[in-house]
file data.cif (mmCIF, C-alpha atoms)
data_entry
loop_
_atom_site.group_PDB
_atom_site.id
_atom_site.type_symbol
_atom_site.label_atom_id
_atom_site.label_comp_id
_atom_site.auth_asym_id
_atom_site.auth_seq_id
_atom_site.Cartn_x
_atom_site.Cartn_y
_atom_site.Cartn_z
ATOM 1 C CA MET H 42 -2.914 8.878 21.563
ATOM 2 C CA THR H 43 -1.628 7.814 18.133
ATOM 3 C CA ARG H 44 -1.570 4.005 17.789
ATOM 4 C CA ILE H 45 1.190 2.520 15.628
ATOM 5 C CA LEU H 46 1.851 -1.097 14.706
ATOM 6 C CA ILE H 47 5.367 -2.197 13.758
ATOM 7 C CA VAL H 48 5.649 -5.554 11.989
ATOM 8 C CA TYR H 49 9.145 -6.832 11.245
ATOM 9 C CA GLY H 50 10.935 -9.797 9.747
ATOM 10 C CA THR H 51 14.504 -10.607 10.702
ATOM 11 C CA THR H 52 17.053 -13.238 9.770
ATOM 12 C CA ASP H 53 20.066 -12.383 11.920
ATOM 13 C CA GLY H 54 18.382 -10.073 14.440
ATOM 14 C CA HIS H 55 19.341 -6.606 13.220
ATOM 15 C CA THR H 56 15.931 -5.732 11.756
ATOM 16 C CA ARG H 57 14.459 -6.590 15.178
ATOM 17 C CA LYS H 58 16.858 -4.061 16.718
ATOM 18 C CA ILE H 59 15.782 -1.442 14.156
ATOM 19 C CA ALA H 60 12.115 -2.130 14.973
ATOM 20 C CA GLN H 61 12.809 -1.875 18.719
ATOM 21 C CA VAL H 62 14.591 1.470 18.330
ATOM 22 C CA LEU H 63 11.696 2.763 16.214
ATOM 23 C CA ALA H 64 9.231 1.634 18.877
ATOM 24 C CA GLU H 65 11.193 3.407 21.627
ATOM 25 C CA ASP H 66 11.420 6.613 19.600
ATOM 26 C CA LEU H 67 7.718 6.547 18.732
ATOM 27 C CA ARG H 68 6.805 5.973 22.379
ATOM 28 C CA ALA H 69 8.939 8.996 23.279
ATOM 29 C CA LYS H 70 6.716 10.931 20.844
ATOM 30 C CA ARG H 71 3.687 9.847 22.923
ATOM 31 C CA CYS H 72 2.585 7.113 20.526
ATOM 32 C CA SER H 73 1.181 3.785 21.641
ATOM 33 C CA VAL H 74 3.244 1.145 19.812
ATOM 34 C CA ASN H 75 2.790 -2.588 19.345
ATOM 35 C CA LEU H 76 5.840 -4.432 18.026
ATOM 36 C CA ILE H 77 5.115 -7.731 16.276
ATOM 37 C CA ASP H 78 7.329 -10.458 14.851
ATOM 38 C CA PRO H 79 4.969 -12.082 12.332
ATOM 39 C CA ALA H 80 6.830 -15.369 12.613
ATOM 40 C CA GLN H 81 5.278 -15.714 16.060
ATOM 41 C CA ILE H 82 1.719 -14.327 15.927
ATOM 42 C CA VAL H 83 1.151 -13.035 12.406
ATOM 43 C CA TRP H 84 -2.440 -14.047 11.764
ATOM 44 C CA ARG H 85 -3.866 -12.728 15.032
ATOM 45 C CA VAL H 86 -2.698 -9.135 14.547
ATOM 46 C CA SER H 87 -4.747 -6.947 12.227
ATOM 47 C CA PRO H 88 -3.739 -3.384 11.332
ATOM 48 C CA GLU H 89 -7.347 -2.281 11.857
ATOM 49 C CA GLY H 90 -7.639 0.120 14.758
ATOM 50 C CA TYR H 91 -4.144 1.538 14.292
ATOM 51 C CA ASP H 92 -3.391 5.025 13.003
ATOM 52 C CA GLY H 93 -0.307 3.873 11.110
ATOM 53 C CA VAL H 94 1.735 0.771 10.323
ATOM 54 C CA ILE H 95 5.460 0.337 9.740
ATOM 55 C CA VAL H 96 6.705 -2.889 8.160
ATOM 56 C CA ALA H 97 10.450 -3.630 8.270
ATOM 57 C CA ALA H 98 12.081 -6.576 6.521
ATOM 58 C CA SER H 99 15.602 -7.440 5.453
ATOM 59 C CA VAL H 100 16.823 -8.608 2.077
ATOM 60 C CA HIS H 101 18.449 -12.042 2.004
ATOM 61 C CA ILE H 102 19.167 -13.940 -1.177
ATOM 62 C CA GLY H 103 17.096 -11.541 -3.273
ATOM 63 C CA ASP H 104 13.907 -11.438 -1.206
ATOM 64 C CA TYR H 105 12.340 -10.495 2.112
ATOM 65 C CA GLN H 106 11.134 -12.850 4.839
ATOM 66 C CA ARG H 107 8.164 -14.879 3.521
ATOM 67 C CA VAL H 108 6.139 -14.489 6.695
ATOM 68 C CA VAL H 109 6.226 -10.693 6.257
ATOM 69 C CA GLY H 110 4.996 -11.053 2.675
ATOM 70 C CA ARG H 111 2.124 -13.305 3.782
ATOM 71 C CA TRP H 112 1.054 -10.818 6.463
ATOM 72 C CA VAL H 113 1.217 -7.861 4.070
ATOM 73 C CA ARG H 114 -0.775 -9.730 1.376
ATOM 74 C CA LEU H 115 -3.428 -10.664 3.930
ATOM 75 C CA TYR H 116 -3.892 -7.083 5.106
ATOM 76 C CA ALA H 117 -2.975 -5.083 1.961
ATOM 77 C CA PRO H 118 -6.526 -3.700 1.494
ATOM 78 C CA VAL H 119 -6.448 -2.261 5.037
ATOM 79 C CA LEU H 120 -2.851 -1.061 4.733
ATOM 80 C CA ASN H 121 -3.604 0.762 1.481
ATOM 81 C CA GLY H 122 -6.177 2.917 3.292
ATOM 82 C CA MET H 123 -3.913 4.249 6.035
ATOM 83 C CA PRO H 124 -0.470 5.819 6.604
ATOM 84 C CA THR H 125 2.129 3.075 6.185
ATOM 85 C CA ALA H 126 5.857 2.729 5.684
ATOM 86 C CA PHE H 127 8.046 -0.076 4.386
ATOM 87 C CA LEU H 128 11.650 -0.212 5.590
ATOM 88 C CA SER H 129 13.927 -2.322 3.420
ATOM 89 C CA VAL H 130 16.996 -3.306 5.437
ATOM 90 C CA CYS H 131 20.004 -4.186 3.301
ATOM 91 C CA LEU H 132 23.755 -3.646 3.095
ATOM 92 C CA ALA H 133 23.534 -2.695 -0.597
ATOM 93 C CA VAL H 134 22.425 0.750 0.565
ATOM 94 C CA LEU H 135 26.077 1.385 1.427
ATOM 95 C CA GLU H 136 27.300 0.691 -2.106
ATOM 96 C CA HIS H 137 28.717 3.626 -4.010
ATOM 97 C CA ARG H 138 27.811 2.042 -7.337
ATOM 98 C CA ILE H 139 24.266 2.597 -8.604
ATOM 99 C CA GLU H 140 23.671 -1.017 -9.751
ATOM 100 C CA PRO H 141 23.306 -2.606 -6.279
ATOM 101 C CA ARG H 142 20.912 0.166 -5.201
ATOM 102 C CA GLN H 143 18.867 -0.341 -8.353
ATOM 103 C CA GLU H 144 18.716 -4.074 -7.670
ATOM 104 C CA ILE H 145 17.386 -3.479 -4.137
ATOM 105 C CA LEU H 146 14.810 -1.083 -5.570
ATOM 106 C CA ARG H 147 13.698 -3.796 -8.048
ATOM 107 C CA ILE H 148 13.465 -6.359 -5.221
ATOM 108 C CA MET H 149 11.386 -3.913 -3.156
ATOM 109 C CA GLN H 150 9.078 -3.041 -6.069
ATOM 110 C CA ARG H 151 8.562 -6.735 -6.893
ATOM 111 C CA PHE H 152 7.702 -7.466 -3.239
ATOM 112 C CA LEU H 153 5.214 -4.583 -3.007
ATOM 113 C CA ARG H 154 3.598 -5.448 -6.347
ATOM 114 C CA HIS H 155 3.288 -9.126 -5.373
ATOM 115 C CA CYS H 156 1.703 -8.152 -2.046
ATOM 116 C CA GLY H 157 -0.647 -5.561 -3.570
ATOM 117 C CA TRP H 158 0.543 -2.927 -1.099
ATOM 118 C CA ARG H 159 1.204 0.726 -1.842
ATOM 119 C CA PRO H 160 2.975 2.094 1.254
ATOM 120 C CA THR H 161 2.872 5.823 1.897
ATOM 121 C CA ILE H 162 6.654 5.814 2.476
ATOM 122 C CA THR H 163 9.397 3.430 1.400
ATOM 123 C CA LYS H 164 12.839 3.709 2.923
ATOM 124 C CA MET H 165 16.086 1.814 2.491
ATOM 125 C CA VAL H 166 18.009 1.307 5.726
ATOM 126 C CA ALA H 167 21.549 -0.009 6.040
ATOM 127 C CA GLY H 168 21.787 -3.173 8.101
ATOM 128 C CA ALA H 169 24.639 -4.961 9.813
ATOM 129 C CA LEU H 170 27.267 -7.637 9.336
ATOM 130 C CA PRO H 171 27.126 -9.893 12.401
ATOM 131 C CA TYR H 172 30.106 -11.987 11.330
ATOM 132 C CA THR H 173 30.510 -13.547 14.785
ATOM 133 C CA ARG H 174 26.975 -14.985 14.662
ATOM 134 C CA TYR H 175 27.341 -16.502 11.182
ATOM 135 C CA GLY H 176 28.299 -20.093 10.595
ATOM 136 C CA TRP H 177 31.622 -20.695 8.857
ATOM 137 C CA LEU H 178 30.175 -20.974 5.340
ATOM 138 C CA LYS H 179 27.949 -17.896 5.590
ATOM 139 C CA ARG H 180 30.809 -15.912 7.146
ATOM 140 C CA GLN H 181 33.061 -16.759 4.188
ATOM 141 C CA MET H 182 30.331 -15.977 1.632
ATOM 142 C CA MET H 183 29.508 -12.639 3.245
ATOM 143 C CA LYS H 184 33.188 -11.727 3.518
ATOM 144 C CA ARG H 185 33.624 -12.369 -0.202
ATOM 145 C CA ILE H 186 30.524 -10.367 -1.168
ATOM 146 C CA VAL H 187 31.482 -7.472 1.108
ATOM 147 C CA ALA H 188 35.098 -7.484 -0.124
ATOM 148 C CA LYS H 189 33.868 -6.962 -3.705
ATOM 149 C CA ALA H 190 32.009 -3.872 -2.519
ATOM 150 C CA GLY H 191 35.037 -2.590 -0.582
ATOM 151 C CA GLY H 192 33.419 -3.190 2.814
ATOM 152 C CA ASP H 193 34.593 -4.458 6.183
ATOM 153 C CA THR H 194 36.021 -7.981 6.048
ATOM 154 C CA ASP H 195 37.364 -8.549 9.570
ATOM 155 C CA THR H 196 35.285 -11.615 10.457
ATOM 156 C CA THR H 197 36.370 -11.549 14.106
ATOM 157 C CA ARG H 198 33.942 -8.705 14.861
ATOM 158 C CA ASP H 199 30.505 -7.411 13.922
ATOM 159 C CA PHE H 200 29.748 -4.226 11.985
ATOM 160 C CA GLU H 201 26.627 -2.100 12.287
ATOM 161 C CA TYR H 202 25.868 0.407 9.529
ATOM 162 C CA THR H 203 22.414 1.697 10.427
ATOM 163 C CA ASP H 204 22.163 5.495 10.573
ATOM 164 C CA TRP H 205 20.348 5.757 13.920
ATOM 165 C CA ILE H 206 19.909 9.548 13.669
ATOM 166 C CA ASP H 207 18.203 9.185 10.283
ATOM 167 C CA LEU H 208 15.998 6.424 11.719
ATOM 168 C CA ARG H 209 14.991 8.650 14.656
ATOM 169 C CA ASN H 210 14.116 11.460 12.219
ATOM 170 C CA PHE H 211 12.002 8.979 10.259
ATOM 171 C CA ALA H 212 10.189 7.983 13.478
ATOM 172 C CA GLN H 213 9.362 11.614 14.188
ATOM 173 C CA ASP H 214 8.089 12.176 10.637
ATOM 174 C CA PHE H 215 5.991 9.001 10.709
ATOM 175 C CA ALA H 216 4.489 9.878 14.105
ATOM 176 C CA GLY H 217 3.363 13.197 12.618
ATOM 177 C CA LEU H 218 1.907 11.492 9.549
ATOM 178 C CA ALA H 219 0.005 8.901 11.584
ATOM 179 C CA SER H 220 -1.347 11.501 14.015
ATOM 180 C CA GLU H 221 -2.910 13.413 11.104
ATOM 181 C CA ARG H 222 -5.140 10.460 10.196
ATOM 182 C CA PRO H 223 -8.812 11.439 10.622
ATOM 183 C CA VAL H 224 -10.653 9.682 13.442
ATOM 184 C CA GLU H 225 -13.827 7.893 12.350
ATOM 185 C CA VAL H 226 -16.921 8.661 14.378
ATOM 186 C CA GLY H 227 -20.005 6.585 13.654
ATOM 187 C CA GLY H 228 -18.546 5.417 10.330
ATOM 188 C CA ILE H 229 -17.937 8.982 9.089
ATOM 189 C CA ALA H 230 -14.433 10.418 8.827
#
call {"tool": "encode", "arguments": {"input": "data.cif", "output": "structure tokens"}}
result
Amino acid sequence: MTRILIVYGTTDGHTRKIAQVLAEDLRAKRCSVNLIDPAQIVWRVSPEGYDGVIVAASVHIGDYQRVVGRWVRLYAPVLNGMPTAFLSVCLAVLEHRIEPRQEILRIMQRFLRHCGWRPTITKMVAGALPYTRYGWLKRQMMKRIVAKAGGDTDTTRDFEYTDWIDLRNFAQDFAGLASERPVEVGGIA
């Protein structure tokens, strides 16, 4: 059975939901999946012994969750020797203008370079606007940012933009990639 580790960082909870959906889809593909929030048990979970690792983190104020970066830096040498994927969760993916997408790409490249990780796959995933869970100030700031981009500004409800079909297709592709990893027997692959 293919063993996959999913490590995620979340600020408002949507990246956790993405990670949970990925885990369910991978389990449906007969993969054994461990889902880890590094804010809780980061240092005890090594990627060794897994066939593949998916890391998901969301962009907030120009960076990803620090705890995810610390975990990736710690295990980058192991991660670089196996099938891995980095999912960058951000609303800028929805922008029609190229500049916001380029900025997210720069943020992602800076993060990966700083961590010393070269994931097999990188993927940008649209997140959510949970207006009803934001405090007043954050709700107003997000409304203003989203209005500039022509997005949804009704702060009385939440908006979810993740393409779940695309995410399920990614899960299937990653399961295939991880299952192709050679099994080591007596130190020889």
call {"tool": "resolve_selection", "arguments": {"input": "data.cif", "expression": "the PyMOL selection byres ((chain H and resi 131-133) around 12)", "output": "ChimeraX atom specification"}}
result
/H:51-53,55-56,59,97-105,128-130,134-146,148-149,164-171,183,186-187,189-193,200-204
call {"tool": "resolve_selection", "arguments": {"input": "data.cif", "expression": "the PyMOL selection byres ((chain H and resi 161) around 7)", "output": "ChimeraX atom specification"}}
result
/H:124-126,159-160,162-163
call {"tool": "write_last_selection", "arguments": {"input": "data.cif", "atoms": "C-alpha atoms", "output": "mmCIF file, keeping the file's coordinate frame"}}
result
data_model
loop_
_atom_site.group_PDB
_atom_site.id
_atom_site.type_symbol
_atom_site.label_atom_id
_atom_site.label_comp_id
_atom_site.auth_asym_id
_atom_site.auth_seq_id
_atom_site.Cartn_x
_atom_site.Cartn_y
_atom_site.Cartn_z
ATOM 1 C CA PRO H 124 -0.470 5.819 6.604
ATOM 2 C CA THR H 125 2.129 3.075 6.185
ATOM 3 C CA ALA H 126 5.857 2.729 5.684
ATOM 4 C CA ARG H 159 1.204 0.726 -1.842
ATOM 5 C CA PRO H 160 2.975 2.094 1.254
ATOM 6 C CA ILE H 162 6.654 5.814 2.476
ATOM 7 C CA THR H 163 9.397 3.430 1.400
#
call {"tool": "resolve_selection", "arguments": {"input": "data.cif", "expression": "the PyMOL selection byres ((chain H and resi 61) around 12)", "output": "ChimeraX atom specification"}}
result
/H:46-49,51,54-60,62-68,74-78,95,97,205,208-209,212
call {"tool": "atom_distance", "arguments": {"input": "data.cif", "atom1": "CA of Gln150 in chain H", "atom2": "CA of Ala219 in chain H"}}
result
23.2 Å
call {"tool": "atom_distance", "arguments": {"input": "data.cif", "atom1": "CA of Met123 in chain H", "atom2": "CA of Arg151 in chain H"}}
result
21.1 Å
call {"tool": "closest_residue", "arguments": {"input": "data.cif", "among": "H:Leu178, H:Val94, H:Val86, H:Cys156", "to": "Arg107 in chain H", "atoms": "only C-alpha atoms"}}
result
H:Cys156
call {"tool": "atom_distance", "arguments": {"input": "data.cif", "atom1": "CA of Thr194 in chain H", "atom2": "CA of Arg180 in chain H"}}
result
9.6 Å
call {"tool": "closest_residue", "arguments": {"input": "data.cif", "among": "H:Met42, H:Arg198, H:Gly157, H:Phe211", "to": "Arg174 in chain H", "atoms": "all atoms listed in the file"}}
result
H:Arg198
call {"tool": "closest_residue", "arguments": {"input": "data.cif", "among": "H:Ala216, H:Asp92, H:Gly122, H:Leu153", "to": "Gly110 in chain H", "atoms": "only C-alpha atoms"}}
result
H:Leu153
call {"tool": "axis_aligned_box", "arguments": {"input": "data.cif", "around": "range 177-185 of chain H", "padding_each_side": "5 Å", "output": "AutoDock Vina command-line options"}}
result
--center_x 30.8 --center_y -16.4 --center_z 4.3 --size_x 15.7 --size_y 19.2 --size_z 19.1
call {"tool": "residues_around", "arguments": {"input": "data.cif", "residues": "Gly90 in chain H", "least_positions_apart": "2", "cutoff": "10 Å", "atoms": "only C-alpha atoms", "output": "number ranges by chain"}}
result
H: 44-46, 87-88, 92-93
